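What follows is the content of my_file-v3.cif, which has mmCIF, C-alpha atoms:
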```
data_input
#
loop_
_atom_site.label_atom_id
_atom_site.label_comp_id
_atom_site.auth_asym_id
_atom_site.auth_seq_id
_atom_site.Cartn_x
_atom_site.Cartn_y
_atom_site.Cartn_z
CA MET I 1 -34.54 6.54 1.98
CA LYS I 2 -32.85 3.37 0.92
CA ASP I 3 -31.37 0.83 3.36
CA LEU I 4 -27.65 1.28 2.66
CA PHE I 5 -26.88 -2.20 4.01
CA ARG I 6 -29.24 -4.07 1.68
CA GLY I 7 -28.60 -4.76 -2.01
CA GLU I 8 -30.29 -6.89 -4.68
CA LEU I 9 -28.67 -10.18 -3.67
CA VAL I 10 -26.89 -9.59 -0.38
CA ARG I 11 -26.95 -7.59 2.81
CA LEU I 12 -24.07 -6.38 4.92
CA THR I 13 -24.09 -7.61 8.50
CA SER I 14 -22.05 -7.72 11.64
CA GLU I 15 -21.59 -11.12 13.32
CA GLU I 16 -20.50 -12.46 16.68
CA PRO I 17 -16.76 -13.27 16.71
CA GLU I 18 -17.47 -17.00 17.43
CA LEU I 19 -19.55 -17.41 14.29
CA GLN I 20 -17.28 -15.29 12.13
CA ALA I 21 -14.21 -17.26 13.28
CA LYS I 22 -15.92 -20.57 12.48
CA TYR I 23 -16.63 -19.49 8.89
CA GLU I 24 -13.29 -17.77 8.32
CA ALA I 25 -11.31 -20.77 9.58
CA ARG I 26 -13.14 -22.96 7.07
CA TRP I 27 -12.67 -20.49 4.20
CA GLN I 28 -8.94 -20.28 5.00
CA ARG I 29 -8.58 -24.03 4.48
CA ASP I 30 -9.43 -23.51 0.80
CA THR I 31 -6.09 -22.44 -0.65
CA GLU I 32 -7.66 -21.23 -3.89
CA PHE I 33 -9.81 -18.83 -1.86
CA HIS I 34 -6.69 -17.71 -0.04
CA ARG I 35 -4.79 -17.22 -3.33
CA LEU I 36 -7.56 -14.99 -4.66
CA ALA I 37 -8.15 -12.99 -1.48
CA ASP I 38 -4.66 -12.56 -0.06
CA SER I 39 -0.98 -11.93 -0.92
CA ASN I 40 0.63 -13.72 2.01
CA PRO I 41 1.64 -17.36 2.06
CA ALA I 42 -1.30 -19.64 2.93
CA GLU I 43 -1.65 -20.42 6.63
CA LEU I 44 -4.05 -22.45 8.73
CA PRO I 45 -5.13 -20.38 11.72
CA SER I 46 -7.41 -22.05 14.29
CA GLU I 47 -10.90 -20.77 15.05
CA LYS I 48 -9.63 -19.75 18.47
CA LYS I 49 -6.83 -17.68 16.99
CA ILE I 50 -9.13 -15.95 14.51
CA LYS I 51 -11.61 -15.23 17.30
CA GLU I 52 -8.91 -13.71 19.50
CA TRP I 53 -7.75 -11.60 16.61
CA LEU I 54 -11.30 -10.43 15.84
CA GLU I 55 -12.05 -9.57 19.46
CA LYS I 56 -8.86 -7.60 19.77
CA LYS I 57 -9.77 -5.56 16.69
CA ILE I 58 -13.48 -5.22 17.38
CA ASP I 59 -13.53 -4.59 21.13
CA GLY I 60 -10.05 -3.25 21.73
CA GLY I 61 -8.28 -1.38 18.99
CA SER I 62 -11.27 -0.48 16.85
CA LYS I 63 -10.76 2.95 15.33
CA PRO I 64 -13.44 5.08 13.73
CA GLU I 65 -11.75 4.78 10.34
CA ARG I 66 -12.20 1.00 10.13
CA TYR I 67 -15.54 -0.48 8.98
CA PRO I 68 -15.71 -4.29 8.97
CA PHE I 69 -18.73 -6.13 7.52
CA MET I 70 -19.83 -9.66 6.82
CA ILE I 71 -21.92 -10.56 3.77
CA ARG I 72 -25.12 -12.66 3.81
CA ALA I 73 -27.12 -13.82 0.80
CA LEU I 74 -30.66 -12.42 0.91
CA ALA I 75 -32.32 -15.56 -0.49
CA ASP I 76 -31.19 -18.04 2.19
CA ASP I 77 -29.51 -15.72 4.74
CA LYS I 78 -26.29 -17.75 4.41
CA LEU I 79 -23.08 -16.12 5.59
CA ILE I 80 -20.96 -16.14 2.42
CA GLY I 81 -18.12 -13.65 2.84
CA PHE I 82 -16.56 -10.57 4.37
CA MET I 83 -15.76 -7.02 3.43
CA GLY I 84 -13.53 -4.47 5.19
CA LEU I 85 -13.34 -0.72 4.59
CA TRP I 86 -10.58 1.59 5.82
CA LEU I 87 -11.21 5.32 5.64
CA ASN I 88 -8.33 7.77 5.42
CA LEU I 89 -9.88 10.75 7.19
CA MET I 90 -7.45 13.38 5.98
CA HIS I 91 -7.67 12.50 2.29
CA SER I 92 -11.27 11.14 2.28
CA GLU I 93 -10.24 7.90 0.66
CA VAL I 94 -11.59 4.41 1.30
CA TRP I 95 -9.58 1.23 0.78
CA VAL I 96 -11.67 -1.91 0.50
CA GLY I 97 -10.99 -5.64 0.67
CA ILE I 98 -13.61 -8.32 -0.07
CA GLY I 99 -13.81 -12.11 -0.13
CA ILE I 100 -16.61 -14.55 -0.94
CA GLY I 101 -15.61 -17.66 0.98
CA GLU I 102 -18.41 -19.99 -0.08
CA ARG I 103 -17.45 -21.50 -3.45
CA GLU I 104 -20.99 -22.22 -4.58
CA TYR I 105 -21.64 -18.46 -4.43
CA TRP I 106 -18.75 -17.57 -6.76
CA GLY I 107 -19.51 -16.11 -10.18
CA LYS I 108 -23.16 -15.35 -9.42
CA GLY I 109 -23.05 -11.64 -8.73
CA TYR I 110 -22.97 -11.73 -4.92
CA GLY I 111 -19.57 -10.08 -4.67
CA THR I 112 -20.49 -7.43 -7.24
CA ASP I 113 -23.66 -6.62 -5.33
CA ALA I 114 -21.72 -6.31 -2.05
CA MET I 115 -19.14 -4.09 -3.73
CA LYS I 116 -21.87 -1.80 -5.06
CA LEU I 117 -23.08 -1.43 -1.47
CA CYS I 118 -19.54 -0.64 -0.35
CA VAL I 119 -19.13 2.10 -2.95
CA GLN I 120 -22.52 3.60 -2.11
CA PHE I 121 -21.76 3.48 1.62
CA SER I 122 -18.34 5.11 1.06
CA PHE I 123 -19.72 8.01 -0.95
CA LEU I 124 -23.06 8.58 0.80
CA GLU I 125 -22.20 7.73 4.39
CA LEU I 126 -18.45 8.25 4.78
CA GLY I 127 -18.15 11.22 2.44
CA ALA I 128 -15.30 9.60 0.50
CA GLN I 129 -13.91 11.18 -2.64
CA ARG I 130 -12.39 7.95 -3.86
CA VAL I 131 -12.62 4.18 -3.26
CA SER I 132 -9.60 1.98 -4.02
CA LEU I 133 -8.76 -1.70 -4.11
CA GLY I 134 -6.10 -4.13 -5.27
CA LEU I 135 -6.28 -7.55 -6.90
CA HIS I 136 -4.12 -10.23 -8.47
CA ALA I 137 -3.79 -10.37 -12.26
CA TYR I 138 -4.75 -14.06 -12.12
CA ASN I 139 -8.23 -13.20 -10.82
CA PRO I 140 -10.13 -12.09 -13.96
CA ARG I 141 -13.49 -12.79 -12.30
CA ALA I 142 -12.72 -10.15 -9.68
CA LEU I 143 -11.54 -7.66 -12.30
CA LYS I 144 -14.83 -8.00 -14.16
CA SER I 145 -16.85 -7.73 -10.96
CA TYR I 146 -15.07 -4.53 -9.86
CA GLU I 147 -15.57 -3.00 -13.32
CA LYS I 148 -19.28 -3.71 -13.00
CA ALA I 149 -19.29 -1.89 -9.66
CA GLY I 150 -17.72 1.15 -11.37
CA PHE I 151 -13.99 0.71 -10.74
CA LYS I 152 -11.35 1.62 -13.32
CA LEU I 153 -7.95 -0.02 -13.67
CA GLU I 154 -5.23 2.47 -12.63
CA GLY I 155 -2.02 0.54 -12.55
CA CYS I 156 -0.11 -2.69 -12.51
CA THR I 157 2.67 -3.62 -10.11
CA ARG I 158 4.71 -5.84 -12.42
CA GLN I 159 5.83 -9.29 -11.24
CA ASP I 160 5.44 -8.54 -7.55
CA MET I 161 4.09 -11.99 -6.71
CA LEU I 162 5.55 -15.46 -7.06
CA ARG I 163 2.72 -17.97 -7.14
CA GLU I 164 3.28 -21.65 -7.83
CA GLY I 165 6.60 -20.94 -9.52
CA LYS I 166 5.27 -18.20 -11.78
CA ARG I 167 5.75 -14.45 -11.61
CA THR I 168 2.44 -12.56 -11.64
CA ASP I 169 1.32 -8.94 -11.51
CA SER I 170 -0.95 -7.08 -9.11
CA PHE I 171 -3.51 -4.54 -10.29
CA TRP I 172 -5.05 -1.63 -8.51
CA MET I 173 -8.33 0.11 -9.30
CA SER I 174 -10.46 2.99 -8.10
CA VAL I 175 -13.75 4.76 -8.54
CA LEU I 176 -14.00 8.51 -7.99
CA ARG I 177 -17.00 10.22 -6.43
CA ASP I 178 -17.79 12.25 -9.57
CA GLU I 179 -17.63 9.17 -11.77
CA TRP I 180 -19.93 7.27 -9.46
CA LEU I 181 -22.44 10.14 -9.23
CA GLN I 182 -22.61 10.23 -13.04
CA MET I 183 -23.24 6.48 -13.16
CA GLN I 184 -26.28 6.94 -10.89
CA ASN I 185 -27.94 9.14 -13.54
CA GLY I 186 -28.97 11.57 -10.86
CA VAL I 187 -30.84 8.90 -8.89
CA ILE I 188 -29.35 8.47 -5.43
CA ALA I 189 -31.07 6.46 -2.77
CA MET E 1 34.26 -6.75 -5.76
CA LYS E 2 32.99 -3.27 -5.16
CA GLU E 3 32.40 -1.33 -1.97
CA ILE E 4 28.63 -1.25 -2.21
CA PHE E 5 27.74 1.61 0.15
CA THR E 6 29.66 4.32 -1.71
CA GLY E 7 28.44 6.17 -4.81
CA ASN E 8 29.82 9.06 -6.87
CA LEU E 9 28.57 11.93 -4.70
CA VAL E 10 27.31 10.34 -1.49
CA ARG E 11 27.60 7.28 0.69
CA LEU E 12 25.06 5.44 2.82
CA SER E 13 25.99 5.36 6.49
CA ALA E 14 24.66 3.90 9.72
CA ILE E 15 22.03 6.00 11.46
CA ASP E 16 23.19 7.92 14.52
CA SER E 17 19.89 8.64 16.27
CA ASP E 18 21.27 11.69 18.13
CA GLU E 19 22.55 13.29 14.98
CA LEU E 20 19.66 12.36 12.67
CA SER E 21 16.90 13.38 15.09
CA LYS E 22 18.39 16.85 15.53
CA ALA E 23 18.79 17.31 11.78
CA PHE E 24 15.33 15.90 11.05
CA ALA E 25 13.68 18.30 13.53
CA LEU E 26 15.23 21.19 11.59
CA TRP E 27 14.25 19.81 8.18
CA THR E 28 10.59 19.31 9.18
CA ARG E 29 10.30 23.03 10.06
CA ASP E 30 10.06 23.47 6.30
CA SER E 31 6.51 22.34 5.50
CA GLU E 32 7.38 21.77 1.86
CA PHE E 33 9.81 19.08 3.01
CA ASN E 34 6.93 17.33 4.80
CA ARG E 35 4.64 17.66 1.77
CA LEU E 36 7.18 16.00 -0.46
CA LEU E 37 8.05 13.26 2.05
CA HIS E 38 4.72 11.87 3.22
CA THR E 39 0.92 12.14 2.99
CA THR E 40 0.07 12.94 6.60
CA ALA E 41 -0.50 16.42 7.97
CA SER E 42 2.63 18.50 8.33
CA GLY E 43 3.65 18.66 11.99
CA LEU E 44 6.41 19.99 14.20
CA GLN E 45 8.25 17.54 16.40
CA SER E 46 11.09 18.08 18.81
CA GLY E 47 14.42 16.37 18.28
CA ASN E 48 13.72 14.32 21.43
CA ALA E 49 10.39 13.04 20.13
CA ILE E 50 11.98 12.09 16.81
CA LYS E 51 14.87 10.39 18.61
CA HIS E 52 12.37 8.38 20.63
CA TRP E 53 10.63 6.88 17.59
CA LEU E 54 13.88 6.45 15.68
CA GLU E 55 15.30 4.37 18.54
CA LYS E 56 12.08 2.41 18.92
CA ASP E 57 12.22 1.63 15.20
CA MET E 58 15.82 0.51 15.43
CA GLU E 59 15.34 -1.54 18.62
CA ASP E 60 13.70 -4.52 17.04
CA PRO E 61 14.06 -4.18 13.27
CA SER E 62 12.21 -6.69 11.12
CA PRO E 63 14.55 -8.78 8.96
CA GLY E 64 13.36 -6.98 5.85
CA PHE E 65 13.86 -3.41 7.05
CA HIS E 66 17.05 -1.47 6.23
CA ALA E 67 17.53 2.22 6.94
CA PHE E 68 20.52 4.47 6.26
CA SER E 69 21.70 8.05 6.49
CA ILE E 70 23.00 9.78 3.36
CA ARG E 71 26.32 11.68 3.63
CA THR E 72 28.27 13.64 1.05
CA LEU E 73 31.62 12.25 -0.05
CA THR E 74 33.27 15.68 -0.17
CA ASP E 75 32.82 16.71 3.48
CA ASP E 76 30.76 13.92 5.12
CA THR E 77 27.74 16.22 5.72
CA LEU E 78 24.53 14.47 6.72
CA VAL E 79 22.12 15.43 3.89
CA GLY E 80 19.25 12.93 4.14
CA GLY E 81 18.08 9.39 4.64
CA THR E 82 16.68 6.38 2.87
CA ASP E 83 15.05 3.09 3.80
CA LEU E 84 13.96 -0.12 2.20
CA GLU E 85 11.36 -2.55 3.48
CA VAL E 86 10.68 -5.94 1.95
CA VAL E 87 6.89 -6.01 1.67
CA ASN E 88 6.62 -9.52 0.38
CA TRP E 89 9.41 -12.10 0.76
CA ASN E 90 7.57 -14.58 -1.39
CA GLY E 91 7.63 -12.16 -4.31
CA ARG E 92 10.91 -10.52 -3.18
CA ASP E 93 9.42 -7.05 -3.59
CA ALA E 94 10.54 -4.07 -1.49
CA PHE E 95 9.17 -0.55 -0.99
CA VAL E 96 11.69 2.26 -0.67
CA GLY E 97 11.62 5.83 0.62
CA ILE E 98 14.22 8.55 0.34
CA PHE E 99 14.64 12.21 1.30
CA ILE E 100 17.17 15.02 1.08
CA GLY E 101 16.53 17.34 4.02
CA ALA E 102 17.70 20.89 3.48
CA ARG E 103 16.54 22.94 0.50
CA GLU E 104 20.08 23.98 -0.38
CA ASN E 105 20.89 20.32 -1.04
CA TRP E 106 17.92 19.67 -3.35
CA GLY E 107 18.51 19.23 -7.08
CA LYS E 108 22.21 18.38 -6.78
CA GLY E 109 21.98 14.70 -7.68
CA TYR E 110 22.48 13.44 -4.10
CA GLY E 111 19.12 11.65 -4.07
CA THR E 112 19.65 9.99 -7.44
CA ASP E 113 23.11 8.84 -6.41
CA ALA E 114 21.81 7.46 -3.09
CA MET E 115 18.99 5.66 -4.92
CA ASN E 116 21.53 4.03 -7.23
CA ILE E 117 23.39 2.73 -4.17
CA LEU E 118 20.15 1.52 -2.59
CA LEU E 119 19.17 -0.35 -5.78
CA ARG E 120 22.58 -2.02 -5.93
CA TYR E 121 22.07 -3.07 -2.31
CA ALA E 122 18.55 -4.36 -3.07
CA PHE E 123 19.55 -6.41 -6.10
CA THR E 124 23.07 -7.60 -5.27
CA GLU E 125 22.96 -7.88 -1.48
CA LEU E 126 19.32 -8.71 -0.67
CA ASN E 127 18.76 -10.50 -4.02
CA LEU E 128 15.35 -8.92 -4.53
CA TRP E 129 13.20 -9.32 -7.63
CA ARG E 130 11.77 -5.81 -7.80
CA VAL E 131 11.78 -2.47 -5.98
CA SER E 132 8.72 -0.21 -5.71
CA LEU E 133 8.05 3.35 -4.64
CA GLY E 134 5.30 5.96 -4.53
CA VAL E 135 5.71 9.65 -5.43
CA PHE E 136 3.29 12.58 -5.53
CA GLU E 137 2.40 14.30 -8.80
CA TYR E 138 3.46 17.68 -7.33
CA ASN E 139 7.05 16.42 -6.96
CA PRO E 140 8.37 16.37 -10.55
CA ARG E 141 11.98 16.63 -9.32
CA ALA E 142 11.64 13.29 -7.52
CA ILE E 143 9.89 11.68 -10.50
CA ARG E 144 12.75 12.76 -12.76
CA SER E 145 15.31 11.44 -10.27
CA TYR E 146 13.60 8.03 -10.05
CA GLU E 147 13.43 7.81 -13.84
CA LYS E 148 17.16 8.47 -13.97
CA ALA E 149 17.72 5.61 -11.52
CA GLY E 150 15.73 3.31 -13.84
CA PHE E 151 12.24 3.27 -12.34
CA GLN E 152 9.24 3.01 -14.65
CA LEU E 153 5.79 4.48 -14.06
CA GLU E 154 3.41 1.60 -13.32
CA GLY E 155 0.24 3.50 -12.54
CA ARG E 156 -1.41 6.51 -10.95
CA SER E 157 -3.78 6.54 -8.03
CA ARG E 158 -6.06 9.25 -9.34
CA LYS E 159 -6.91 12.15 -7.01
CA GLN E 160 -5.80 10.22 -3.94
CA LEU E 161 -4.51 13.16 -1.93
CA ASN E 162 -6.15 16.32 -0.65
CA HIS E 163 -3.74 19.20 -0.10
CA GLU E 164 -4.31 22.94 -0.19
CA GLY E 165 -7.81 22.62 -1.59
CA LYS E 166 -6.91 20.39 -4.51
CA ARG E 167 -6.82 16.67 -5.17
CA TRP E 168 -3.61 15.12 -6.46
CA ASP E 169 -2.49 11.84 -8.03
CA VAL E 170 0.04 9.48 -6.49
CA HIS E 171 2.37 7.85 -9.02
CA PHE E 172 3.60 4.32 -8.43
CA MET E 173 6.91 3.28 -9.96
CA GLY E 174 8.89 0.07 -10.07
CA ILE E 175 12.10 -1.45 -11.37
CA LEU E 176 12.65 -5.16 -12.02
CA ARG E 177 15.86 -7.01 -11.32
CA GLU E 178 16.37 -7.80 -15.04
CA GLU E 179 15.89 -4.13 -15.96
CA TRP E 180 18.42 -3.06 -13.36
CA LEU E 181 20.91 -5.72 -14.49
CA ALA E 182 20.56 -4.63 -18.13
CA ARG E 183 21.37 -1.02 -17.12
CA THR E 184 24.31 -1.81 -14.88
CA GLN E 185 25.89 -4.89 -16.45
CA GLU E 186 29.11 -3.19 -17.49
CA SER E 187 29.68 -1.66 -14.06
CA LEU E 188 29.11 -4.80 -12.00
CA ALA E 189 32.27 -6.89 -12.61
#
```

Let me see the file written as structure tokens.
Amino acid sequence: MKDLFRGELVRLTSEEPELQAKYEARWQRDTEFHRLADSNPAELPSEKKIKEWLEKKIDGGSKPERYPFMIRALADDKLIGFMGLWLNLMHSEVWVGIGIGEREYWGKGYGTDAMKLCVQFSFLELGAQRVSLGLHAYNPRALKSYEKAGFKLEGCTRQDMLREGKRTDSFWMSVLRDEWLQMQNGVIA
Amino acid sequence: MKEIFTGNLVRLSAIDSDELSKAFALWTRDSEFNRLLHTTASGLQSGNAIKHWLEKDMEDPSPGFHAFSIRTLTDDTLVGGTDLEVVNWNGRDAFVGIFIGARENWGKGYGTDAMNILLRYAFTELNLWRVSLGVFEYNPRAIRSYEKAGFQLEGRSRKQLNHEGKRWDVHFMGILREEWLARTQESLA
């Protein structure tokens, strides 16, 4: 059996809130990262605030349908990003969000590798029928990465964002269980 | 200037939590009503329970949340409800929901008329840029109504829902300010 948390370039991990907050606070200071990963106006939360927020979610209100991960590069074990999965139990659907915070790891396949792990985990471990995500139209690198992981473009929310004075669209994508199984050519784990 | 809360068949009115909770408890006894309204499991709630969450909702409304009852112009009967929530002030995008409760009031144009009022409110009172909604593929009557109000199909979440042993698509629709203005120019004055 394969290790579901280990890919070709990255592994999925869980980290102590202190360490996670330190990295996330730094990533948040990069407004381009924020623009690509989020829809809200950029903010500068402190490490302390992020830590409090993480502890509340992890130790307090954690529900079985929420699966948070951090991403480490296999080569140097560097913490490079995060990934969160939300499972809708009734409809067996997973919603995923991902961000690679370390700029020098952009465009090198780390995010794609992590997303492949997410899809595999969703279908093999969570029993999902569908995995969904959303992205901004001004993030073509993400679009390409998600396509490589098996996602198909399903729709476009027209002009829902105003970024730097320009109206932009949001996209949403999904991969269905049957599609993914076909892509594996009958070879699972 | 026009009276903006009145349409041709219905008007939007303030919510009376006593009245609406009693009516809503009756409407939800019809499981088809629940199926068409939301994606969660159909349930049966007492008028008191519904009143409790209605009042909690109305206690501390966020600045972007607006909810109304729908009443007929002919005899002031409470026939349904509608709400609008700004999901993104930066992009000025809002998500709307609407329902007509009792079966005998379906298919009479009340929903379409109420949606027209809600769109006028969204674009001329709240000055929004776009309005979005989601609708299930097994609700062609609603899809037709939204098309009549000017919404365009923007995408389909394929096989997102699991009901009665089958998987179903969710359609996402949207209307832009400029599209709405082009449709209603003559009637604005």

Please evaluate the PyMOL selection byres ((chain E) within 12 of (chain I)) against the structure above and give the resulting residues as an MDAnalysis selection string. chainID E and resid 39:42 86:95 128:134 151:179

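Look at I:Leu12: the protein and nucleic acid residues within 6 Å of it, using all atoms listed in the file and passing over chain neighbours fewer than 4 places away, are Phe5, Phe69, Met70 and Ile71 of chain I.
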
What lies within 6 Å of stretch 23-37 of chain I using all atoms listed in the file, ignoring chain neighbours under 4 positions off, as a ChimeraX atom specification? /I:47,99,101

Need the shell around I:Thr112: protein/DNA/RNA residues with any atom at most 6 Å away, counting only C-alpha atoms. Skip same-chain ones fewer than 3 positions apart. Format as a list in words? Gly109, Met115 and Ser145 of chain I

Export, as a PDB file, in the frame of the given file, the selected residues with C-alpha atoms.
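result15.pdb was written with the following content:
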```
ATOM      1  CA  GLY I 109     -23.050 -11.640  -8.730  1.00  0.00           C
ATOM      2  CA  MET I 115     -19.140  -4.090  -3.730  1.00  0.00           C
ATOM      3  CA  SER I 145     -16.850  -7.730 -10.960  1.00  0.00           C
TER       4      SER I 145
END
```

Which residues match the PyMOL selection byres ((chain I and resi 83) around 10) in the file above, as a ChimeraX atom specification? /I:12-13,67-71,81-82,84-85,96-100,111,114-115,118

Next, dump the selected residues to file, keeping only C-alpha atoms, as a tab-separated table (two decimals), keeping the file's coordinate frame.
```
chain	number	residue	atom	x	y	z
I	12	LEU	CA	-24.07	-6.38	4.92
I	13	THR	CA	-24.09	-7.61	8.50
I	67	TYR	CA	-15.54	-0.48	8.98
I	68	PRO	CA	-15.71	-4.29	8.97
I	69	PHE	CA	-18.73	-6.13	7.52
I	70	MET	CA	-19.83	-9.66	6.82
I	71	ILE	CA	-21.92	-10.56	3.77
I	81	GLY	CA	-18.12	-13.65	2.84
I	82	PHE	CA	-16.56	-10.57	4.37
I	84	GLY	CA	-13.53	-4.47	5.19
I	85	LEU	CA	-13.34	-0.72	4.59
I	96	VAL	CA	-11.67	-1.91	0.50
I	97	GLY	CA	-10.99	-5.64	0.67
I	98	ILE	CA	-13.61	-8.32	-0.07
I	99	GLY	CA	-13.81	-12.11	-0.13
I	100	ILE	CA	-16.61	-14.55	-0.94
I	111	GLY	CA	-19.57	-10.08	-4.67
I	114	ALA	CA	-21.72	-6.31	-2.05
I	115	MET	CA	-19.14	-4.09	-3.73
I	118	CYS	CA	-19.54	-0.64	-0.35
```

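Atom CA of I:Arg66 is positioned 25.9 Å from atom CA of I:Trp106.
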
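With atom CA of E:Ile98 on one side and atom CA of E:Asp83 on the other, the separation reads 6.5 Å.
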
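In this structure, atom CA of E:Phe5 sits 25.4 Å away from atom CA of E:His38.
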
Could you tell me which residues the PyMOL selection byres ((chain E and resi 49) around 12) grabs in this file, written as an mmCIF file with C-alpha atoms, keeping the file's coordinate frame?
```cif
data_model
loop_
_atom_site.group_PDB
_atom_site.id
_atom_site.type_symbol
_atom_site.label_atom_id
_atom_site.label_comp_id
_atom_site.auth_asym_id
_atom_site.auth_seq_id
_atom_site.Cartn_x
_atom_site.Cartn_y
_atom_site.Cartn_z
ATOM 1 C CA SER E 17 19.890 8.640 16.270
ATOM 2 C CA ASP E 18 21.270 11.690 18.130
ATOM 3 C CA LEU E 20 19.660 12.360 12.670
ATOM 4 C CA SER E 21 16.900 13.380 15.090
ATOM 5 C CA LYS E 22 18.390 16.850 15.530
ATOM 6 C CA PHE E 24 15.330 15.900 11.050
ATOM 7 C CA ALA E 25 13.680 18.300 13.530
ATOM 8 C CA GLY E 43 3.650 18.660 11.990
ATOM 9 C CA LEU E 44 6.410 19.990 14.200
ATOM 10 C CA GLN E 45 8.250 17.540 16.400
ATOM 11 C CA SER E 46 11.090 18.080 18.810
ATOM 12 C CA GLY E 47 14.420 16.370 18.280
ATOM 13 C CA ASN E 48 13.720 14.320 21.430
ATOM 14 C CA ILE E 50 11.980 12.090 16.810
ATOM 15 C CA LYS E 51 14.870 10.390 18.610
ATOM 16 C CA HIS E 52 12.370 8.380 20.630
ATOM 17 C CA TRP E 53 10.630 6.880 17.590
ATOM 18 C CA LEU E 54 13.880 6.450 15.680
ATOM 19 C CA GLU E 55 15.300 4.370 18.540
ATOM 20 C CA LYS E 56 12.080 2.410 18.920
#
```

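Shortest atom-to-atom contact with E:Phe33 among E:Tyr121, E:Asp113, E:Gly150, E:Gly101: E:Gly101, counting all atoms listed in the file.
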
Just want the 10 Å neighbourhood of I:Lys22, counted on all atoms listed in the file, with same-chain residues fewer than 5 positions away dropped. Output as a PyMOL selection string. chain I and resi 17+27+46-48+50-51

Write out the residues from the selection above, keeping C-alpha atoms, as a PDB file, keeping the file's coordinate frame.
```
ATOM      1  CA  PRO I  17     -16.760 -13.270  16.710  1.00  0.00           C
ATOM      2  CA  TRP I  27     -12.670 -20.490   4.200  1.00  0.00           C
ATOM      3  CA  SER I  46      -7.410 -22.050  14.290  1.00  0.00           C
ATOM      4  CA  GLU I  47     -10.900 -20.770  15.050  1.00  0.00           C
ATOM      5  CA  LYS I  48      -9.630 -19.750  18.470  1.00  0.00           C
ATOM      6  CA  ILE I  50      -9.130 -15.950  14.510  1.00  0.00           C
ATOM      7  CA  LYS I  51     -11.610 -15.230  17.300  1.00  0.00           C
TER       8      LYS I  51
END
```

Answer as JSON, numbers by chain, residues within 12 Å of (32.8, 8.9, -2.2) using all atoms listed in the file: {"E": [3, 4, 5, 6, 7, 8, 9, 10, 11, 12, 13, 70, 71, 72, 73, 74, 75, 76, 77, 110, 113, 114, 117]}

Selection export as a short mmCIF file (atom, residue, chain, number, x, y, z; two decimals), in the coordinates of the input, atoms kept: C-alpha atoms:
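Once everything was written out, this is out-v3.cif:
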```
data_model
loop_
_atom_site.label_atom_id
_atom_site.label_comp_id
_atom_site.auth_asym_id
_atom_site.auth_seq_id
_atom_site.Cartn_x
_atom_site.Cartn_y
_atom_site.Cartn_z
CA GLU E 3 32.40 -1.33 -1.97
CA ILE E 4 28.63 -1.25 -2.21
CA PHE E 5 27.74 1.61 0.15
CA THR E 6 29.66 4.32 -1.71
CA GLY E 7 28.44 6.17 -4.81
CA ASN E 8 29.82 9.06 -6.87
CA LEU E 9 28.57 11.93 -4.70
CA VAL E 10 27.31 10.34 -1.49
CA ARG E 11 27.60 7.28 0.69
CA LEU E 12 25.06 5.44 2.82
CA SER E 13 25.99 5.36 6.49
CA ILE E 70 23.00 9.78 3.36
CA ARG E 71 26.32 11.68 3.63
CA THR E 72 28.27 13.64 1.05
CA LEU E 73 31.62 12.25 -0.05
CA THR E 74 33.27 15.68 -0.17
CA ASP E 75 32.82 16.71 3.48
CA ASP E 76 30.76 13.92 5.12
CA THR E 77 27.74 16.22 5.72
CA TYR E 110 22.48 13.44 -4.10
CA ASP E 113 23.11 8.84 -6.41
CA ALA E 114 21.81 7.46 -3.09
CA ILE E 117 23.39 2.73 -4.17
#
```

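Closest approach to I:Tyr110 among I:Asp77, I:Asp3, I:Glu147, I:Glu8: I:Glu8, based on all atoms listed in the file.
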
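With only C-alpha atoms as the atoms that count, the minimum distance from I:Arg11 to the choices I:Val187, I:Leu124, I:Ala42, I:Ala75 is reached by I:Ala75.
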
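By chain and then residue number, the residues within 6 Å of I:Val10 are Gly7, Arg72, Ala73 and Leu74 of chain I, counting all atoms listed in the file and disregarding those fewer than 3 positions away in sequence.
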